[in-house]
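Colleague: This is coords_36.cif, which holds mmCIF, C-alpha atoms:
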data_target
loop_
_atom_site.label_atom_id
_atom_site.label_comp_id
_atom_site.auth_asym_id
_atom_site.auth_seq_id
_atom_site.Cartn_x
_atom_site.Cartn_y
_atom_site.Cartn_z
CA MET Y 1 46.38 -35.49 -19.95
CA ALA Y 2 48.00 -36.25 -23.33
CA ASP Y 3 48.32 -32.54 -24.15
CA LEU Y 4 49.68 -31.67 -20.73
CA GLU Y 5 52.21 -34.52 -20.80
CA SER Y 6 53.34 -33.54 -24.28
CA LYS Y 7 53.77 -29.98 -23.08
CA LEU Y 8 55.77 -31.07 -20.05
CA LEU Y 9 57.99 -33.51 -21.92
CA GLY Y 10 58.54 -31.05 -24.75
CA GLU Y 11 59.66 -28.30 -22.41
CA LYS Y 12 61.74 -30.73 -20.40
CA LEU Y 13 63.66 -31.82 -23.50
CA HIS Y 14 63.93 -28.27 -24.73
CA TYR Y 15 65.65 -27.00 -21.62
CA TYR Y 16 68.24 -29.82 -21.40
CA CYS Y 17 71.55 -29.39 -23.28
CA SER Y 18 72.93 -32.04 -25.57
CA SER Y 19 75.29 -34.50 -23.84
CA SER Y 20 77.46 -34.72 -26.95
CA ASP Y 21 78.52 -31.11 -26.71
CA GLU Y 22 81.35 -31.22 -24.20
CA ASP Y 23 82.53 -27.69 -24.87
CA GLU Y 24 79.32 -26.14 -23.54
CA PRO Y 25 78.61 -26.43 -19.80
CA MET Y 26 75.19 -27.92 -19.04
CA LEU Y 27 72.70 -25.41 -17.71
CA ASP Y 28 70.83 -27.00 -14.81
CA ARG Y 29 69.93 -23.87 -12.87
CA ASP Y 30 66.24 -22.82 -12.85
CA PRO Y 31 65.42 -19.28 -13.96
CA PRO Y 32 64.07 -16.76 -11.38
CA LYS Y 33 60.62 -17.60 -10.12
CA GLN Y 34 57.73 -15.36 -11.02
CA SER Y 35 55.27 -14.09 -8.40
CA LYS Y 36 51.65 -15.20 -8.73
CA SER Y 37 50.40 -11.68 -8.90
CA ASP Y 38 52.65 -10.83 -11.87
CA TRP Y 39 51.74 -13.82 -13.99
CA ASP Y 40 50.34 -12.78 -17.37
CA GLY Y 41 49.19 -16.15 -18.67
CA THR Y 42 52.51 -17.29 -20.20
CA SER Y 43 54.97 -19.60 -18.55
CA SER Y 44 58.46 -18.34 -17.67
CA ASN Y 45 59.34 -21.38 -15.48
CA THR Y 46 61.41 -24.23 -16.84
CA GLY Y 47 60.88 -27.78 -15.90
CA PRO Y 48 57.78 -29.84 -15.10
CA LYS Y 49 57.25 -28.43 -11.60
CA GLY Y 50 57.33 -24.85 -12.81
CA VAL Y 51 54.91 -25.58 -15.64
CA LEU Y 52 52.49 -27.28 -13.25
CA ASN Y 53 52.59 -24.27 -10.92
CA ASP Y 54 51.89 -21.97 -13.85
CA TRP Y 55 49.04 -24.18 -14.98
CA GLU Y 56 47.45 -24.21 -11.52
CA GLN Y 57 47.80 -20.45 -11.24
CA TYR Y 58 46.21 -20.05 -14.66
CA LYS Y 59 43.25 -22.20 -13.63
CA ARG Y 60 42.82 -20.19 -10.40
CA GLN Y 61 42.83 -16.98 -12.37
CA GLN Y 62 40.29 -18.36 -14.83
CA SER Y 63 38.09 -19.50 -11.96
CA ALA Y 64 38.27 -16.06 -10.27
CA GLN Y 65 37.39 -14.34 -13.54
CA ARG Y 66 34.44 -16.68 -14.06
CA ILE Y 67 33.14 -16.02 -10.55
CA GLN Y 68 33.47 -12.26 -11.08
CA ARG Y 69 31.57 -12.50 -14.38
CA GLU Y 70 28.81 -14.45 -12.65
CA LYS Y 71 28.62 -11.80 -9.94
CA ASP Y 72 28.40 -9.06 -12.57
CA VAL Y 73 25.59 -10.90 -14.36
CA LEU Y 74 23.68 -11.40 -11.10
CA LYS Y 75 24.08 -7.71 -10.26
CA GLN Y 76 22.72 -6.73 -13.68
CA ILE Y 77 19.76 -9.08 -13.20
CA ASN Y 78 19.03 -7.63 -9.75
CA ASP Y 79 19.30 -4.08 -11.07
CA MET Y 80 16.90 -4.90 -13.90
CA ALA Y 81 14.51 -6.60 -11.46
CA LEU Y 82 14.51 -3.57 -9.16
CA THR Y 83 13.88 -1.26 -12.10
CA CYS Y 84 11.00 -3.41 -13.35
CA LYS Y 85 9.58 -3.63 -9.82
CA SER Y 86 9.76 0.14 -9.40
CA GLU Y 87 8.02 0.70 -12.72
CA ALA Y 88 5.36 -1.88 -11.85
CA GLU Y 89 4.72 -0.24 -8.46
CA GLU Y 90 4.43 3.15 -10.15
CA LEU Y 91 1.89 1.74 -12.59
CA ASP Y 92 -0.03 0.15 -9.69
CA ASP Y 93 -0.09 3.46 -7.83
CA GLN Y 94 -1.36 5.26 -10.92
CA PHE Y 95 -4.02 2.61 -11.47
CA LEU Y 96 -5.20 2.77 -7.85
CA ALA Y 97 -5.31 6.58 -7.93
CA GLU Y 98 -7.39 6.51 -11.10
CA TYR Y 99 -9.67 3.84 -9.65
CA ARG Y 100 -10.20 5.78 -6.41
CA LYS Y 101 -10.95 8.93 -8.39
CA LYS Y 102 -13.46 7.07 -10.53
CA ARG Y 103 -15.19 5.47 -7.53
CA MET Y 104 -15.28 8.77 -5.66
CA LYS Y 105 -16.86 10.50 -8.64
CA GLU Y 106 -19.42 7.71 -8.97
CA MET Y 107 -20.32 7.89 -5.27
CA MET Y 108 -20.62 11.67 -5.38
CA ALA Y 109 -22.78 11.43 -8.50
CA LYS Y 110 -25.05 8.89 -6.79
CA THR Y 111 -25.26 11.12 -3.74
CA GLN Y 112 -26.21 14.09 -5.89
CA GLU Y 113 -28.95 12.01 -7.50
CA ALA Y 114 -30.40 11.12 -4.08
CA PRO Y 115 -33.65 12.87 -3.10
CA GLU Y 116 -33.77 15.93 -0.87
CA PHE Y 117 -35.85 16.04 2.28
CA GLY Y 118 -35.39 19.24 4.25
CA LYS Y 119 -37.63 18.27 7.17
CA VAL Y 120 -37.93 15.92 10.14
CA PHE Y 121 -40.28 12.98 9.58
CA ASP Y 122 -42.52 11.71 12.39
CA LEU Y 123 -42.52 7.91 12.65
CA LEU Y 124 -45.61 6.73 14.50
CA THR Y 125 -45.05 2.98 14.73
CA GLY Y 126 -42.37 0.38 14.53
CA ASP Y 127 -43.51 -0.43 10.98
CA ASP Y 128 -42.96 3.20 9.98
CA PHE Y 129 -39.47 2.87 11.39
CA LEU Y 130 -38.71 -0.23 9.31
CA VAL Y 131 -40.05 1.35 6.13
CA ALA Y 132 -38.03 4.54 6.67
CA VAL Y 133 -34.83 2.59 7.21
CA GLU Y 134 -35.10 -0.30 4.77
CA ASN Y 135 -36.92 1.24 1.79
CA GLU Y 136 -34.74 4.33 1.38
CA ASN Y 137 -32.19 5.06 -1.33
CA PRO Y 138 -28.98 3.14 -0.36
CA TYR Y 139 -26.95 6.36 -0.71
CA VAL Y 140 -29.17 8.21 1.78
CA THR Y 141 -28.23 8.33 5.44
CA VAL Y 142 -31.27 7.95 7.70
CA ILE Y 143 -30.95 9.39 11.22
CA VAL Y 144 -33.67 8.44 13.70
CA HIS Y 145 -34.11 10.22 17.02
CA VAL Y 146 -35.70 7.91 19.59
CA TYR Y 147 -37.19 10.13 22.29
CA GLU Y 148 -39.81 10.46 24.97
CA HIS Y 149 -42.13 13.27 25.91
CA ASN Y 150 -41.39 15.37 28.97
CA VAL Y 151 -37.64 14.78 28.71
CA PRO Y 152 -35.94 18.20 28.34
CA THR Y 153 -32.89 16.90 26.44
CA CYS Y 154 -35.18 15.12 23.95
CA SER Y 155 -36.91 18.42 23.23
CA ILE Y 156 -33.53 20.09 22.68
CA MET Y 157 -32.51 17.31 20.26
CA ASN Y 158 -35.71 17.71 18.24
CA SER Y 159 -34.99 21.43 17.90
CA CYS Y 160 -31.43 20.68 16.75
CA LEU Y 161 -32.65 18.25 14.09
CA LYS Y 162 -34.99 20.90 12.68
CA VAL Y 163 -31.91 23.04 12.04
CA LEU Y 164 -29.76 20.24 10.65
CA CYS Y 165 -32.40 18.93 8.25
CA ARG Y 166 -32.29 22.24 6.38
CA GLU Y 167 -28.49 22.22 6.21
CA PHE Y 168 -28.18 18.54 5.21
CA GLN Y 169 -31.15 18.16 2.91
CA LYS Y 170 -29.96 14.89 1.40
CA THR Y 171 -29.94 13.28 4.85
CA LYS Y 172 -33.26 11.93 6.09
CA PHE Y 173 -33.99 12.95 9.70
CA CYS Y 174 -36.75 11.15 11.60
CA LYS Y 175 -38.05 11.04 15.14
CA LEU Y 176 -39.80 8.20 16.92
CA ILE Y 177 -41.34 7.97 20.37
CA GLY Y 178 -39.75 5.01 22.11
CA SER Y 179 -42.98 3.73 23.63
CA SER Y 180 -44.61 3.69 20.16
CA ALA Y 181 -41.87 1.35 18.89
CA GLY Y 182 -42.25 -1.05 21.83
CA MET Y 183 -39.07 0.02 23.65
CA SER Y 184 -38.61 -1.27 27.18
CA LEU Y 185 -39.34 0.88 30.22
CA ASN Y 186 -35.66 0.84 31.10
CA PHE Y 187 -34.73 2.20 27.67
CA LYS Y 188 -37.39 4.90 27.86
CA MET Y 189 -36.04 5.97 31.23
CA CYS Y 190 -32.29 5.64 30.67
CA GLY Y 191 -31.62 5.41 26.93
CA VAL Y 192 -33.09 8.64 25.53
CA PRO Y 193 -32.31 10.79 23.74
CA ALA Y 194 -30.85 8.25 21.31
CA LEU Y 195 -29.70 8.73 17.71
CA LEU Y 196 -29.60 5.75 15.35
CA ALA Y 197 -28.02 6.13 11.90
CA TYR Y 198 -28.63 3.79 8.96
CA ARG Y 199 -27.28 3.56 5.43
CA ALA Y 200 -28.49 0.97 2.89
CA GLY Y 201 -30.47 -0.64 5.71
CA GLN Y 202 -27.36 -1.17 7.86
CA LEU Y 203 -26.74 0.42 11.23
CA VAL Y 204 -23.75 2.78 10.95
CA GLY Y 205 -24.20 4.76 14.18
CA ASN Y 206 -25.76 3.85 17.50
CA PHE Y 207 -25.65 6.62 20.12
CA VAL Y 208 -27.82 5.69 23.09
CA ARG Y 209 -28.25 8.40 25.73
CA ILE Y 210 -26.21 10.78 23.63
CA THR Y 211 -26.21 13.31 26.44
CA ASP Y 212 -23.31 11.30 27.92
CA GLU Y 213 -21.29 12.82 25.07
CA LEU Y 214 -23.00 16.17 24.57
CA GLY Y 215 -24.13 17.04 28.09
CA ASP Y 216 -27.57 18.36 28.95
CA ASP Y 217 -27.10 21.75 27.30
CA PHE Y 218 -26.15 21.52 23.63
CA TYR Y 219 -26.86 23.17 20.27
CA ALA Y 220 -27.29 22.14 16.65
CA GLY Y 221 -23.60 22.80 15.95
CA ASP Y 222 -22.62 20.42 18.74
CA VAL Y 223 -24.79 17.65 17.28
CA GLU Y 224 -23.45 18.33 13.77
CA ASN Y 225 -19.82 18.13 14.89
CA PHE Y 226 -20.49 14.96 16.85
CA LEU Y 227 -22.09 13.24 13.85
CA ILE Y 228 -19.28 14.36 11.52
CA GLU Y 229 -16.61 13.10 13.91
CA ASN Y 230 -18.35 9.72 14.04
CA GLY Y 231 -18.68 9.44 10.25
CA VAL Y 232 -22.45 9.81 10.08
CA LEU Y 233 -22.53 13.19 8.35
CA SER Y 234 -20.12 14.42 5.69
CA ASP Y 235 -18.03 17.48 6.37
CA LYS Y 236 -18.95 19.85 3.53
CA SER Y 237 -15.65 21.71 3.91
CA CYS Y 238 -13.65 18.54 3.15
CA ILE Y 239 -14.08 17.84 -0.54
CA PRO Y 240 -11.70 15.06 -1.72
CA SER Y 241 -8.56 16.53 -3.30
CA ILE Y 242 -8.75 14.19 -6.29
CA ILE Y 243 -12.08 15.82 -7.18
CA THR Y 244 -11.04 19.41 -6.56
CA ASN Y 245 -7.78 18.97 -8.48
CA GLU Y 246 -9.64 17.56 -11.46
CA ASN Y 247 -12.13 20.42 -11.40
CA ASP Y 248 -9.25 22.93 -11.34
CA ASN Y 249 -7.67 21.19 -14.34
CA ASP Y 250 -10.97 21.32 -16.21
CA ASP Y 251 -11.20 25.06 -15.60
CA ASP Y 252 -7.70 25.57 -17.00
CA ILE Y 253 -8.51 23.86 -20.27
#
Could I get this structure in the form of structure tokens?

Modeller:
Amino acid sequence: MADLESKLLGEKLHYYCSSSDEDEPMLDRDPPKQSKSDWDGTSSNTGPKGVLNDWEQYKRQQSAQRIQREKDVLKQINDMALTCKSEAEELDDQFLAEYRKKRMKEMMAKTQEAPEFGKVFDLLTGDDFLVAVENENPYVTVIVHVYEHNVPTCSIMNSCLKVLCREFQKTKFCKLIGSSAGMSLNFKMCGVPALLAYRAGQLVGNFVRITDELGDDFYAGDVENFLIENGVLSDKSCIPSIITNENDNDDDI
């Protein structure tokens, strides 16, 4: 307050005329007021009231400038954060793409290392069934046809599997008579033909009385398409693009 009071008193004394000078009329009229928008930081008002108004306007202007600077800093921080986030997301996407490519190549390599079969295996007992399912390479899909004699659609399915086992030689096709595995009479009468699919000992496809889907007159191509649509067999025409693109790049080198 000492500085402000000194400023006010100094300007007050400065703008009063000396009382000893009788030849000069005393100037007691205030100069024209200055609009707030035109103020440039210097005072043109005379008298304490004018100086106070100028001081308040100066403080408001300083406050507005400070707020604007803070807004500018926050905007710069947000822009930098968005840029860093975008770069981080791009790096994450690249990492995930590389990881998927690596895992796909590993899975395809393991699949290629799996044994080939090329025939339909006859399972005579329930123990044969367990051995075929649980003791196989975890990358091998095991498809078991549970059937009964004297059922026309079961005979058609066995014929279809003979065709498919030659086309999908890394898939293990088996057939099992339901009565030999201890299936119930109801299942033997109403559940066949049935296809059960296993991978790494886990059931991945369970299609009881598959004729509900295929009808009573079907072919090997119908069974193949059905198993592909349900994720049991791999569609050989759909090689992952990340693998084909890499192979094309290798050929260009």

Colleague: What is the distance between CA of Glu167 in chain Y and CA of Gly118 in chain Y, in Å to one decimal?

Modeller: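 The value is 7.8 Å.
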
Colleague: Can you list what the PyMOL selection byres ((chain Y and resi 217-234) around 10) grabs from this structure, as JSON, numbers by chain?

Modeller: {"Y": [141, 142, 143, 152, 153, 156, 157, 158, 159, 160, 161, 162, 163, 164, 167, 168, 171, 195, 196, 197, 198, 199, 204, 205, 207, 210, 211, 213, 214, 215, 216, 235, 236, 237, 238, 239]}

Colleague: Provide the CA of Cys190 in chain Y to CA of Val208 in chain Y distance in Å, to one decimal place.

Modeller: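 Between CA of Cys190 in chain Y and CA of Val208 in chain Y the gap is 8.8 Å.
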
Colleague: Starting from the displayed file, determine the output of the PyMOL selection byres ((chain Y and resi 170) around 7) and express the residue list as a PyMOL selection string.

Modeller: chain Y and resi 114-117+140+168-169+171-172

Colleague: Next, dump the selected residues to file, keeping only C-alpha atoms, as a short mmCIF file (atom, residue, chain, number, x, y, z; two decimals), in the coordinates of the input.

Modeller:
data_model
loop_
_atom_site.label_atom_id
_atom_site.label_comp_id
_atom_site.auth_asym_id
_atom_site.auth_seq_id
_atom_site.Cartn_x
_atom_site.Cartn_y
_atom_site.Cartn_z
CA ALA Y 114 -30.40 11.12 -4.08
CA PRO Y 115 -33.65 12.87 -3.10
CA GLU Y 116 -33.77 15.93 -0.87
CA PHE Y 117 -35.85 16.04 2.28
CA VAL Y 140 -29.17 8.21 1.78
CA PHE Y 168 -28.18 18.54 5.21
CA GLN Y 169 -31.15 18.16 2.91
CA THR Y 171 -29.94 13.28 4.85
CA LYS Y 172 -33.26 11.93 6.09
#

Colleague: From the options Y:Lys175, Y:Lys188, Y:Lys101, Y:Arg60, which residue's atoms come nearest to Gly126 in chain Y, counting only C-alpha atoms?

Modeller: Y:Lys175
